[in-house]
file model_7.txt (compact mmCIF, C-alpha atoms)
# COMPACT_ATOMS: atom_id res chain seq x y z
CA MET A 121 0.00 0.00 0.00
CA THR A 122 1.39 3.39 -0.97
CA LEU A 123 1.18 6.42 1.32
CA LYS A 124 -1.64 7.91 -0.79
CA GLU A 125 -3.59 4.67 -0.53
CA ALA A 126 -2.95 4.53 3.23
CA VAL A 127 -4.25 8.08 3.66
CA ILE A 128 -7.39 7.35 1.59
CA LYS A 129 -8.06 4.13 3.52
CA SER A 130 -7.61 5.92 6.84
CA LEU A 131 -10.00 8.73 5.89
CA GLU A 132 -12.52 6.08 4.85
CA ASP A 133 -12.09 4.21 8.14
CA ILE A 134 -12.30 7.32 10.33
CA GLY A 135 -15.51 8.38 8.58
CA ASN A 136 -15.58 11.93 9.95
CA LEU A 137 -13.72 15.22 9.87
CA THR A 138 -10.15 14.64 10.96
CA ASN A 139 -6.67 16.14 10.90
CA TYR A 140 -3.29 14.93 9.69
CA SER A 141 -2.26 13.81 13.19
CA ASP A 142 -5.25 11.49 13.57
CA VAL A 143 -4.69 10.15 10.06
CA LEU A 144 -1.07 9.41 10.93
CA ASN A 145 -2.05 7.63 14.16
CA HIS A 146 -4.59 5.54 12.27
CA ILE A 147 -2.02 4.56 9.62
CA LEU A 148 0.44 3.51 12.33
CA ALA A 149 -2.18 1.63 14.34
CA LYS A 150 -3.41 -0.30 11.30
CA LYS A 151 0.13 -0.69 9.91
CA TYR A 152 -1.02 0.58 6.52
CA PHE A 153 2.37 2.12 5.68
CA ASP A 154 5.96 1.88 6.89
CA PHE A 155 7.53 5.32 7.17
CA GLY A 156 10.97 3.89 7.93
CA SER A 157 13.54 5.43 10.24
CA GLY A 158 14.75 9.00 10.23
CA LYS A 159 11.56 10.29 8.64
CA THR A 160 9.07 12.93 9.72
CA PRO A 161 5.81 11.02 9.25
CA GLY A 162 3.61 13.84 10.53
CA SER A 163 4.89 16.29 7.94
CA THR A 164 4.76 13.61 5.26
CA VAL A 165 1.07 12.85 5.91
CA SER A 166 0.24 16.56 6.12
CA ALA A 167 1.93 17.18 2.77
CA CYS A 168 0.15 14.20 1.21
CA LEU A 169 -3.26 15.50 2.34
CA GLY A 170 -2.41 18.91 0.92
CA ASP A 171 -1.42 17.34 -2.39
CA PHE A 172 -4.88 15.82 -2.77
CA ILE A 173 -6.36 19.33 -2.57
CA ARG A 174 -3.73 21.05 -4.73
CA ASN A 175 -4.01 18.41 -7.45
CA GLY A 176 -7.81 18.53 -7.52
CA ASP A 177 -8.23 14.90 -6.43
CA THR A 178 -11.98 14.66 -5.78
CA ARG A 179 -11.66 11.80 -3.30
CA VAL A 180 -10.55 14.17 -0.52
CA LYS A 181 -12.02 17.47 0.68
CA ARG A 182 -11.07 19.84 3.47
CA ILE A 183 -12.60 22.74 5.36
CA LYS A 184 -10.92 25.54 7.28
CA GLN A 185 -11.69 25.45 10.98
CA HIS A 186 -11.53 28.27 13.53
CA GLY A 187 -7.93 29.26 14.08
CA GLY A 188 -6.97 28.57 10.48
CA THR A 189 -6.39 24.82 10.80
CA TYR A 190 -7.72 22.35 8.22
CA SER A 191 -9.89 19.30 8.69
CA TYR A 192 -10.06 16.61 6.00
CA TYR A 193 -12.59 13.95 5.05
CA TRP A 194 -13.21 11.27 2.44
CA THR A 195 -15.73 12.66 -0.05
CA LYS A 196 -17.93 9.55 0.03
CA ASN A 197 -18.46 10.09 3.78
CA GLU A 198 -19.86 13.59 3.18
CA GLN A 199 -23.53 12.67 3.67
CA ASN A 200 -22.77 10.89 6.93
CA ILE A 201 -20.74 13.74 8.44
CA GLY A 202 -23.59 16.25 8.63
CA ILE A 203 -24.45 19.42 6.74
CA ASP A 204 -23.99 21.68 9.75
CA ILE A 205 -20.38 20.56 10.15
CA LEU A 206 -19.70 21.16 6.46
CA SER A 207 -21.11 24.67 6.43
CA GLY A 208 -17.57 26.05 6.19
CA GLU A 209 -15.67 26.58 2.98
CA THR A 210 -14.65 23.33 1.30
CA GLU A 211 -11.69 23.03 -1.03
CA THR A 212 -10.98 20.38 -3.65
CA GLN A 213 -8.85 22.12 -6.24
CA THR A 214 -6.60 25.14 -6.56
CA THR A 215 -4.34 24.41 -9.52
CA LYS A 216 -4.83 23.51 -13.17
CA VAL A 217 -3.43 20.15 -14.21
CA THR A 218 -1.39 20.12 -17.41
CA LYS A 219 -0.34 17.20 -19.54
CA THR A 220 3.19 17.27 -20.89
CA ASP A 221 3.67 14.18 -23.06
CA LYS A 222 2.62 14.75 -26.67
CA ALA A 223 3.46 11.28 -27.97
CA LYS A 224 -0.20 10.19 -27.78
CA SER A 225 0.68 6.56 -28.37
CA PHE A 226 -2.36 5.23 -26.50
CA ASP A 227 -5.72 4.29 -28.02
CA GLU A 228 -8.95 6.14 -27.36
CA ARG A 229 -10.52 3.05 -25.79
CA ASP A 230 -7.66 2.85 -23.30
CA LEU A 231 -9.36 5.84 -21.67
CA HIS A 232 -12.56 3.94 -20.87
CA LYS A 233 -11.18 2.45 -17.65
CA LEU A 234 -10.08 5.91 -16.50
CA LEU A 235 -13.57 7.28 -17.11
CA SER A 236 -15.29 4.32 -15.45
CA SER A 237 -13.07 4.82 -12.38
CA TYR A 238 -13.87 8.53 -12.25
CA LEU A 239 -17.59 7.73 -12.50
CA LYS A 240 -17.41 4.96 -9.90
CA ASN A 241 -15.90 7.48 -7.49
CA THR A 242 -19.11 9.50 -7.94
CA ASP A 243 -21.25 6.38 -7.29
CA THR A 244 -22.13 6.05 -10.99
CA TYR A 245 -22.26 2.62 -12.61
CA SER A 246 -21.00 2.75 -16.21
CA LYS A 247 -20.83 0.44 -19.21
CA THR A 248 -19.03 0.73 -22.56
CA ILE A 249 -21.32 0.33 -25.58
CA PHE A 250 -19.42 -0.76 -28.70
CA HIS A 251 -21.13 0.66 -31.81
CA GLU A 252 -19.68 -2.10 -34.01
CA GLN A 253 -21.66 -4.66 -31.99
CA SER A 254 -24.99 -3.01 -32.78
CA ASN A 255 -27.54 -4.51 -35.15
CA GLY A 256 -28.82 -2.91 -38.32
CA LYS A 257 -27.51 -1.71 -41.64
CA ASP A 258 -26.70 1.83 -40.57
CA ASN A 259 -23.02 2.50 -41.26
CA ASN A 260 -23.18 5.50 -38.94
CA GLN A 261 -24.02 3.62 -35.73
CA ILE A 262 -21.29 5.67 -34.07
CA TRP A 263 -23.73 8.61 -34.12
CA THR A 264 -26.62 6.56 -32.72
CA HIS A 265 -25.45 5.64 -29.22
CA PRO A 266 -22.64 6.91 -26.97
CA ASP A 267 -19.32 5.34 -26.05
CA MET A 268 -20.45 4.79 -22.45
CA VAL A 269 -23.66 4.93 -20.46
CA GLY A 270 -24.00 5.49 -16.74
CA ILE A 271 -26.58 5.38 -13.99
CA LYS A 272 -26.52 6.93 -10.53
CA PHE A 273 -29.04 6.03 -7.87
CA MET A 274 -30.33 8.54 -5.36
CA ASN A 275 -28.63 7.83 -2.05
CA LEU A 276 -31.37 7.87 0.59
CA GLN A 277 -30.41 7.01 4.14
CA THR A 278 -33.46 4.99 5.20
CA LYS A 279 -35.35 2.15 3.56
CA ALA A 280 -38.65 3.85 4.33
CA SER A 281 -37.71 6.98 2.36
CA GLN A 282 -36.45 4.84 -0.54
CA ASN A 283 -39.70 2.89 -0.75
CA PHE A 284 -41.78 6.05 -0.38
CA LEU A 285 -40.01 7.76 -3.27
CA LYS A 286 -40.27 4.65 -5.45
CA SER A 287 -44.01 4.42 -4.83
CA ILE A 288 -44.47 8.05 -5.94
CA ASN A 289 -42.22 8.10 -9.01
CA ARG A 290 -39.69 5.37 -9.64
CA VAL A 291 -37.89 7.45 -12.29
CA ASP A 292 -36.82 9.97 -9.65
CA THR A 293 -34.75 7.34 -7.82
CA PHE A 294 -32.03 7.37 -10.48
CA LYS A 295 -30.43 9.50 -13.21
CA MET A 296 -29.00 8.13 -16.48
CA SER A 297 -26.12 9.72 -18.35
CA SER A 298 -24.46 9.40 -21.75
CA TYR A 299 -20.72 9.87 -22.41
CA GLU A 300 -19.03 10.54 -25.75
CA LEU A 301 -15.29 9.99 -25.25
CA LYS A 302 -12.46 11.47 -27.33
CA LYS A 303 -8.69 11.28 -27.07
CA GLU A 304 -8.08 14.96 -27.77
CA ILE A 305 -9.89 17.95 -29.24
CA ASN A 306 -7.58 20.64 -30.59
CA SER A 307 -9.55 22.64 -33.15
CA ASP A 308 -12.92 24.33 -33.52
CA SER A 309 -13.97 21.84 -36.21
CA GLU A 310 -13.00 18.87 -34.02
CA LEU A 311 -14.96 20.36 -31.12
CA LYS A 312 -18.13 20.91 -33.15
CA LYS A 313 -18.01 17.44 -34.70
CA ALA A 314 -17.51 15.75 -31.31
CA PHE A 315 -20.05 18.00 -29.57
CA PHE A 316 -22.86 17.32 -32.01
CA GLN A 317 -22.01 13.65 -31.97
CA ALA A 318 -22.61 13.86 -28.21
CA VAL A 319 -25.87 15.74 -28.82
CA SER A 320 -27.05 13.01 -31.20
CA ASN A 321 -25.95 10.13 -28.99
CA SER A 322 -27.40 11.46 -25.73
CA SER A 323 -30.95 12.40 -26.74
CA TRP A 324 -32.35 9.56 -24.61
CA ALA A 325 -30.50 10.34 -21.36
CA ASN A 326 -31.05 12.66 -18.39
CA TYR A 327 -27.54 14.08 -18.89
CA GLY A 328 -25.20 14.07 -21.88
CA TYR A 329 -21.44 14.62 -21.66
CA LEU A 330 -18.55 15.11 -24.05
CA VAL A 331 -15.35 13.78 -22.47
CA ALA A 332 -11.78 14.25 -23.73
CA PHE A 333 -8.33 13.60 -22.35
CA GLU A 334 -7.12 16.90 -23.73
CA PHE A 335 -8.83 20.10 -24.85
CA SER A 336 -7.06 23.04 -26.43
CA ASP A 337 -7.23 26.07 -24.12
CA SER A 338 -8.32 28.19 -27.08
CA LEU A 339 -11.65 26.33 -27.20
CA LYS A 340 -12.95 27.29 -23.74
CA GLU A 341 -15.15 30.15 -24.97
CA GLU A 342 -16.73 28.05 -27.74
CA MET A 343 -17.25 25.13 -25.33
CA GLY A 344 -19.12 27.46 -23.02
CA ARG A 345 -21.32 28.74 -25.85
CA LEU A 346 -22.19 25.24 -27.06
CA ASN A 347 -22.85 24.06 -23.51
CA GLN A 348 -25.23 26.96 -22.86
CA SER A 349 -27.07 26.40 -26.15
CA PHE A 350 -27.44 22.61 -26.09
CA GLY A 351 -26.93 21.53 -22.47
CA ILE A 352 -24.21 18.95 -23.12
CA GLY A 353 -21.71 18.84 -20.26
CA ILE A 354 -17.95 18.72 -20.83
CA ILE A 355 -15.48 16.69 -18.76
CA GLU A 356 -11.69 16.87 -18.96
CA LEU A 357 -10.35 13.40 -18.15
CA ASN A 358 -7.06 13.03 -16.29
CA ALA A 359 -4.52 10.19 -16.11
CA ASN A 360 -5.34 10.24 -12.40
CA PRO A 361 -9.10 9.74 -12.92
CA TYR A 362 -9.93 11.30 -9.55
CA GLN A 363 -8.43 14.60 -10.75
CA SER A 364 -10.78 14.76 -13.74
CA LYS A 365 -12.85 17.93 -13.92
CA ILE A 366 -16.33 18.90 -15.08
CA LEU A 367 -15.54 22.01 -17.12
CA PHE A 368 -19.21 22.66 -17.92
CA PRO A 369 -22.17 20.91 -16.23
CA ALA A 370 -24.86 19.10 -18.22
CA THR A 371 -28.47 20.23 -18.26
CA TYR A 372 -31.12 17.79 -16.98
CA ARG A 373 -33.66 16.35 -19.43
CA ASP A 374 -36.44 13.77 -19.08
CA LEU A 375 -35.65 10.28 -20.33
CA ASP A 376 -36.72 9.48 -23.90
CA PHE A 377 -38.14 5.98 -23.53
CA LYS A 378 -38.82 5.51 -27.25
CA THR A 379 -35.14 6.05 -28.02
CA ILE A 380 -34.13 3.82 -25.11
CA ASP A 381 -36.33 1.09 -26.58
CA LYS A 382 -34.70 1.58 -30.00
CA LEU A 383 -31.21 1.33 -28.49
CA CYS A 384 -32.18 -1.82 -26.57
CA LYS A 385 -33.20 -3.44 -29.86
CA MET A 386 -30.00 -2.32 -31.55
CA ASN A 387 -27.38 -3.23 -28.96
CA ASP A 388 -27.36 -6.23 -26.62
CA LYS A 389 -25.00 -4.60 -24.09
CA PHE A 390 -27.26 -1.56 -23.80
CA ASN A 391 -30.28 -3.83 -23.44
CA ARG A 392 -28.57 -5.80 -20.67
CA PHE A 393 -27.57 -2.56 -18.92
CA ILE A 394 -31.22 -1.50 -18.84
CA GLU A 395 -32.28 -4.99 -17.70
CA GLN A 396 -29.73 -4.99 -14.84
CA THR A 397 -30.87 -1.52 -13.80
CA GLU A 398 -34.53 -2.58 -13.77
CA LYS A 399 -33.62 -5.69 -11.80
CA LEU A 400 -31.97 -3.61 -9.08
CA MET A 401 -34.79 -1.06 -9.03
CA THR A 402 -37.49 -3.69 -8.56
CA ALA A 403 -35.61 -6.02 -6.21
CA SER A 404 -37.11 -6.64 -2.80
CA GLU A 405 -35.02 -5.68 0.22
CA LYS A 406 -33.84 -9.28 0.57
CA TYR A 407 -32.28 -9.31 -2.90
CA VAL A 408 -31.01 -5.73 -3.28
CA SER A 409 -27.39 -6.48 -2.37
CA GLY A 410 -27.28 -9.39 -4.82
CA ALA A 411 -28.77 -7.31 -7.64
CA GLU A 412 -26.36 -4.47 -6.90
CA LYS A 413 -23.40 -6.86 -7.04
CA GLU A 414 -24.65 -8.29 -10.33
CA LEU A 415 -24.92 -4.81 -11.85
CA ASP A 416 -21.43 -3.90 -10.62
CA GLU A 417 -19.95 -7.07 -12.15
CA PHE A 418 -21.67 -6.41 -15.49
CA CYS A 419 -20.43 -2.83 -15.68
CA ASP A 420 -16.95 -1.73 -16.76
CA ASP A 421 -13.90 -2.52 -14.65
CA TYR A 422 -12.43 0.26 -12.54
CA PHE A 423 -9.23 0.74 -10.56
CA ALA A 424 -9.02 -0.47 -6.98
CA ASN A 425 -6.16 1.86 -5.99
CA ASP A 426 -3.60 4.38 -7.22
CA THR A 427 -0.97 1.72 -7.82
CA GLU A 428 -3.23 0.09 -10.41
CA VAL A 429 -3.79 3.48 -12.08
CA GLU A 430 -0.06 4.19 -12.34
CA LYS A 431 0.71 0.71 -13.70
CA TYR A 432 -2.09 0.91 -16.27
CA CYS A 433 -1.04 4.34 -17.54
CA LYS A 434 2.54 3.17 -17.90
CA GLU A 435 1.50 0.04 -19.81
CA LYS A 436 -0.83 1.98 -22.12
CA HIS A 437 1.61 4.90 -22.58
CA ILE A 438 -0.93 7.36 -21.22
CA PRO A 439 0.95 10.55 -20.23
CA THR A 440 0.77 11.51 -16.57
CA ASP A 441 1.48 14.76 -14.77
CA GLN A 442 4.77 13.35 -13.45
CA GLU A 443 6.19 12.81 -16.93
call {"tool": "encode", "arguments": {"input": "model_7.txt", "output": "structure tokens"}}
result
Amino acid sequence: MTLKEAVIKSLEDIGNLTNYSDVLNHILAKKYFDFGSGKTPGSTVSACLGDFIRNGDTRVKRIKQHGGTYSYYWTKNEQNIGIDILSGETETQTTKVTKTDKAKSFDERDLHKLLSSYLKNTDTYSKTIFHEQSNGKDNNQIWTHPDMVGIKFMNLQTKASQNFLKSINRVDTFKMSSYELKKEINSDSELKKAFFQAVSNSSWANYGYLVAFEFSDSLKEEMGRLNQSFGIGIIELNANPYQSKILFPATYRDLDFKTIDKLCKMNDKFNRFIEQTEKLMTASEKYVSGAEKELDEFCDDYFANDTEVEKYCKEKHIPTDQE
């Protein structure tokens, strides 16, 4: 386990606002990481926590307490910590990440696992939909459905509230998203082509996103105009998936069930994704955990830790911020 992984695991275990000293004590007590001799573990952990914030890693957040000290927490514990505690200013990012390697020797589909890991960190289940596996004689299937689909379930704390919401309107218990993924977008023409591909491919979903590993800085104004006009969100993917950023948020739309039905007929993977979702939504309390596990296993793989991310990027020649 690396130091970053030990810090993340400790924040998850602690489950509340904490400081670097408590994180250090937890690491030592659980023997998550060996600092060795002659080190200053307190300063090392403090610097590591700060790096999460400076690098825009969305797994960790912090708030400034009275007296100017910082408290940290694992983002997924946010709902359990309490809104009153988190009324202070939270920080997740202060610097822009830049990519330095221009070799671009990786394939576009090598990015899918990065995106699925980013989405999993936001509690979104995702699945790649290969257009070449779709039925029909349309040679332009690539414009019919997206590269990836995702679903996020509303996280309600009690079973009673979950059942109550389902009985009123089952659709409101989840949101479905569409993702069009590109390796890089460097020109206005590339942006418009990719953007309207995303518009076409996401007409059925609650949210549609255009995702790219690299955007030219000169396109920010045009991205903003297109986003405002058509509601497609834009995500900049990072080699560290947890540092990926939503540059422009997507606009909510009602689901288009006729198009969903069409896509189910066209593509078996999409059809199975919808079937697995329906199975989880309609499962009785006794079978929810089993249905959730089945959906997770059907969906795309994602990284278990930072070591896996680093190894994968090295194997696929995906440029990282350290290169």
call {"tool": "residues_near_point", "arguments": {"input": "model_7.txt", "point": "(-24.5, 1.7, -15.7)", "cutoff": "7 Å", "atoms": "all atoms listed in the file", "output": "list in words"}}
result
Thr244, Tyr245, Ser246, Lys247, Val269, Gly270, Ile271, Phe393 and Cys419 of chain A
call {"tool": "closest_residue", "arguments": {"input": "model_7.txt", "among": "A:Thr242, A:Asn139, A:Asn326, A:Ser225", "to": "A:Gln185", "atoms": "only C-alpha atoms"}}
result
A:Asn139
call {"tool": "residues_around", "arguments": {"input": "model_7.txt", "residues": "stretch 230-239 of chain A", "least_positions_apart": "6", "cutoff": "6 Å", "atoms": "all atoms listed in the file", "output": "list in words"}}
result
Ser246, Pro361, Tyr362, Tyr422 and Phe423 of chain A
call {"tool": "write_last_selection", "arguments": {"input": "model_7.txt", "atoms": "C-alpha atoms", "output": "JSON list (two decimals), in the frame of the given file"}}
result
[["chain", "number", "residue", "atom", "x", "y", "z"],
["A", 246, "SER", "CA", -21.00, 2.75, -16.21],
["A", 361, "PRO", "CA", -9.10, 9.74, -12.92],
["A", 362, "TYR", "CA", -9.93, 11.30, -9.55],
["A", 422, "TYR", "CA", -12.43, 0.26, -12.54],
["A", 423, "PHE", "CA", -9.23, 0.74, -10.56]]
call {"tool": "residues_around", "arguments": {"input": "model_7.txt", "residues": "stretch 153-164 of chain A", "least_positions_apart": "5", "cutoff": "7 Å", "atoms": "all atoms listed in the file", "output": "PDB file with C-alpha atoms, keeping the file's coordinate frame"}}
result
ATOM      1  CA  MET A 121       0.000   0.000   0.000  1.00  0.00           C
ATOM      2  CA  THR A 122       1.390   3.390  -0.970  1.00  0.00           C
ATOM      3  CA  LEU A 123       1.180   6.420   1.320  1.00  0.00           C
ATOM      4  CA  ALA A 126      -2.950   4.530   3.230  1.00  0.00           C
ATOM      5  CA  SER A 141      -2.260  13.810  13.190  1.00  0.00           C
ATOM      6  CA  LEU A 144      -1.070   9.410  10.930  1.00  0.00           C
ATOM      7  CA  ILE A 147      -2.020   4.560   9.620  1.00  0.00           C
TER       8      ILE A 147
END
call {"tool": "axis_aligned_box", "arguments": {"input": "model_7.txt", "around": "stretch 228-234 of chain A", "padding_each_side": "8 Å", "output": "AutoDock Vina command-line options"}}
result
--center_x -10.1 --center_y 4.3 --center_z -21.9 --size_x 20.9 --size_y 19.7 --size_z 26.9
call {"tool": "residues_around", "arguments": {"input": "model_7.txt", "residues": "A:Ile352", "least_positions_apart": "5", "cutoff": "10 Å", "atoms": "all atoms listed in the file", "output": "PDB file with C-alpha atoms, in the coordinates of the input"}}
result
ATOM      1  CA  SER A 298     -24.460   9.400 -21.750  1.00  0.00           C
ATOM      2  CA  TYR A 299     -20.720   9.870 -22.410  1.00  0.00           C
ATOM      3  CA  PHE A 315     -20.050  18.000 -29.570  1.00  0.00           C
ATOM      4  CA  PHE A 316     -22.860  17.320 -32.010  1.00  0.00           C
ATOM      5  CA  ALA A 318     -22.610  13.860 -28.210  1.00  0.00           C
ATOM      6  CA  VAL A 319     -25.870  15.740 -28.820  1.00  0.00           C
ATOM      7  CA  SER A 322     -27.400  11.460 -25.730  1.00  0.00           C
ATOM      8  CA  TYR A 327     -27.540  14.080 -18.890  1.00  0.00           C
ATOM      9  CA  GLY A 328     -25.200  14.070 -21.880  1.00  0.00           C
ATOM     10  CA  TYR A 329     -21.440  14.620 -21.660  1.00  0.00           C
ATOM     11  CA  LEU A 330     -18.550  15.110 -24.050  1.00  0.00           C
ATOM     12  CA  MET A 343     -17.250  25.130 -25.330  1.00  0.00           C
ATOM     13  CA  GLY A 344     -19.120  27.460 -23.020  1.00  0.00           C
ATOM     14  CA  LEU A 346     -22.190  25.240 -27.060  1.00  0.00           C
ATOM     15  CA  ASN A 347     -22.850  24.060 -23.510  1.00  0.00           C
ATOM     16  CA  PHE A 368     -19.210  22.660 -17.920  1.00  0.00           C
ATOM     17  CA  PRO A 369     -22.170  20.910 -16.230  1.00  0.00           C
ATOM     18  CA  ALA A 370     -24.860  19.100 -18.220  1.00  0.00           C
ATOM     19  CA  THR A 371     -28.470  20.230 -18.260  1.00  0.00           C
ATOM     20  CA  TYR A 372     -31.120  17.790 -16.980  1.00  0.00           C
TER      21      TYR A 372
END
